[in-house]
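Colleague: Handing you this structure, nothing more for now.
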Amino acid sequence: MTLGAGWSKLGKKTTIGCIGRSSPGTCSTTATPTQPPSSTTSSGKSLAASLHLSSSMQKVGGHMRRRLAGPSGGNVFTALCLAKAPHPCFPTAHLALLPTRQCSTQDGPLSGVRIIDLTRILAGPFATMVLSDLGAEVIKVERPGTGDDTRAWGPPFLGTESCYFLSVNRNKKSVAVDLKQGAGVRVVRELARCSDVLVENFVPGSLDRLGLGYGDLHALAPRLIYCSISGYGASGPYKSRPGYDVMAASFGGLVGVTGPRDGEPCKVGVAMTDLATGLYAHGAIMAALLERQKTGHGQKIDCNLLSTQVSCMVNLASNYLNGGREARRWGTAHESIVPYQAFPTADGHITIAAGSNGQFAALCSVLALPELLGDDRYSSNAERVEHRESLVATLTSAFRRRSTEEWLGVLEGCPFPYAPINSLSQVFSDPQVVHSGLVEEVEHPGVGKVKQVGPAVTFSGSHNSVRAPPPLLGQHTRQVLTQLLGYTEAQVEELRRQGVVA
C-alpha cells in the first residue's frame, strides 16, 4: 500500500482519513501534517501485508472508505481513498493519516459528531446547544460584524455580551463568514463535507439560491443530515414569511388561550414555541443520526414553529377535534380539572392541583373543610368542573388566611401537588434547584465569569454538561479554517482582507 506523503506515523490507534466517527467507540480528530509514515510495521513487515479488510467498501461523500484491521485485531484503521478531488479536510494528500482519540462517555454520548450551525436567535441555537451539551462539536457560522441577532438584544448585557445570546450559545465555536460572497459559500460547503449535521433557519429557498440548499449539499456529502427550521414550513401559502415565536404562537392558538379569563390574550413569558421547536429538532437529529448508522445515508429534516405549536396544543386540540369544544382563556386554571390553579394567599400566591377524588379529599382535610366532601356538587371531577365558581370561591377564602410560607409548611407531605409562584430570585435560591446543581459557571474570554443554566437531563453512564463558554464573534475563524479545512495563514489573511471572514 502506498501512503500519501506528509502525514504522521501510525500510532497505537490511528485513523487513515477523516471518517473515524463512523467507527463505534472512536472518532477522528484533525492534525497538522508532520513526517511521512513508514510503510512497514515495527516488526519489519509491510503495512499492506499486516492489514486485512474487515468490511466492505462504502461510498461516503463521493469517496471510497475502507475499514482495515491488523491481523491481531489490536490496531484499527480507516482508509479514505480520494477517488476524485482531495477532501477539504485533507487538502494535500490522497490518503491521509491522522491520530484518533478514544471517544468515551466522559466526552458525552455525541462525542465525535460535528454540527454546522447556521441558525440565529432561539429555536436553532437552543437545539444545537442541547446537542453540544451531549458532546457534539458545534461550529456556529455567523455574519461578520454583527453575528447572531441576539448579540444585540439587550439590555441586560454582561460587559459587551448580551445576556440573551449567552443563554443559548455555550460550547460552540464561532466562525464569521460572509455568505454573500462566493468564497464564503465555499467555506461552508467545505465544512459540510467534513461534518455530520447542518442546521439552518433561513427563510425557505434562501440557501438554495446560494448553492447551500439540501440538494446541493446532499450531492456533495450524502451522509450529511440537513435540518431546516422555519416559521411555517418549506411549502404552503406562508412558506416565505419570516416567523418569530409569538407569531407562530398566535397562529397556532397558544396566545388565544393564554391570559386571564375574560381578559386580553397574552404572550407566554418565555418563547416556548421556539424552545419546543428546538427540542423537536434535537430529537429529530438524534433519530437521523441513528438511522444513518443503519443506512449510511443522511437526509433532510424539516421543522417549523407553526407545526410545533399546533402539535403542542395536545388536549385542547383533541377537545376541539373530537369534542367540538372551542378553547378559551382560563388564567392559571385548567379547563378540565378543578381545583387546578393558583390561589391568593395573605402575601402572594400558591398553586394547587387535585386531579383525583383522593387528592381532593386530602385537600379538604388539610384546609379543615370536611363539609365539601359531603356536598354532591363536588363528588367527582366532572361535578367540580360544573360547579367551578362556588368551589373556587370557598377555596380562595381559605387560602387567604395564611401567608405562602405558612401554607408551604402546612402542606408539606400532602399527597396532592402544590407550589409557590416564585420570582427568579426565589427560583435560584430554591433548595431543590440548588440541590440539582442547575447553575454552572464558565470563564468567558471577554467578560470573565458567566453563569449558565445547565442541562436538565442527567445520565448514569455519560456526561451531559456545560463544556465551554459562549464564543466571541469570530473567535474560532482562524482555528477552524487552518486546522480543520487546511487553509494557510496567508489564505486566511487574504479572506479577511476581502471581508469574506472575520
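Lettering and numbering for the C-alpha cells are positional, with chains as A, B, ... in the shown order, residues counted from 1 in each chain, and ligands counted from 1 in the shown order.
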Report as a tab-separated table: every residue of segment 281-346 of chain A with an atom at most 9 Å from segment 233-246 of chain A, its closest pair of atoms, and their distance in Å to one decimal, counting only C-alpha atoms, with rows sorted by chain and ascending residue number.
Modeller:
residue	atom	partner	partner_atom	distance
A:Asp302	CA	A:Gly233	CA	7.1
A:Cys303	CA	A:Gly233	CA	6.9
A:Asn304	CA	A:Gly233	CA	5.3
A:Leu305	CA	A:Asp245	CA	7.0
A:Leu306	CA	A:Gly233	CA	7.9
A:Ser307	CA	A:Gly233	CA	8.0
Colleague: Give me the residues near Phe202 of chain A as a ChimeraX atom specification, where near means some atom within 10 Å (using only C-alpha atoms) and where sequence neighbours in that chain fewer than 4 positions away do not count.
Modeller: /A:118-120,206-207,228-231,240,242
Colleague: Residues near Arg325 of chain A, anyone? I mean within 9 Å using only C-alpha atoms, not counting same-chain ones fewer than 6 positions away, as a count of residues only.
Modeller: 3
Colleague: Please run DSSP on the backbone and report, as a ChimeraX atom specification, all residues within segment 263-477 of chain A that come out as strand (DSSP E or B).
Modeller: /A:300-304,340-344,349-353,418-420,439-444,448-453
Colleague: Within 9 Å of Phe251 of chain A, counting only C-alpha atoms, which residues show up once you throw out same-chain ones fewer than 4 positions away? Write them as JSON, numbers by chain, please.
Modeller: {"A": [246, 247, 255, 256, 306, 309, 310]}
Colleague: Go ahead and compute the interatomic distance for atom CA of Ala284 of chain A and atom CA of Val185 of chain A, in Å to one decimal.
Modeller: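 Atom-to-atom, atom CA of Ala284 of chain A to atom CA of Val185 of chain A, that is 26.0 Å.
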Colleague: Find the spatial neighbours of segment 130-133 of chain A, counting only C-alpha atoms, within a cut-off of 9 Å - ignore same-chain residues fewer than 6 positions away - and output them as a list in words.
Modeller: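 Close residues of segment 130-133 of chain A: Gly108, Leu110, Ser111, Ile115, Val168, Arg170, Asn171, Lys172, Gly278, Leu279, His282, Met286, Gly454, Pro455, His463, Asn464, Ser465, Val466 and Arg467 of chain A.
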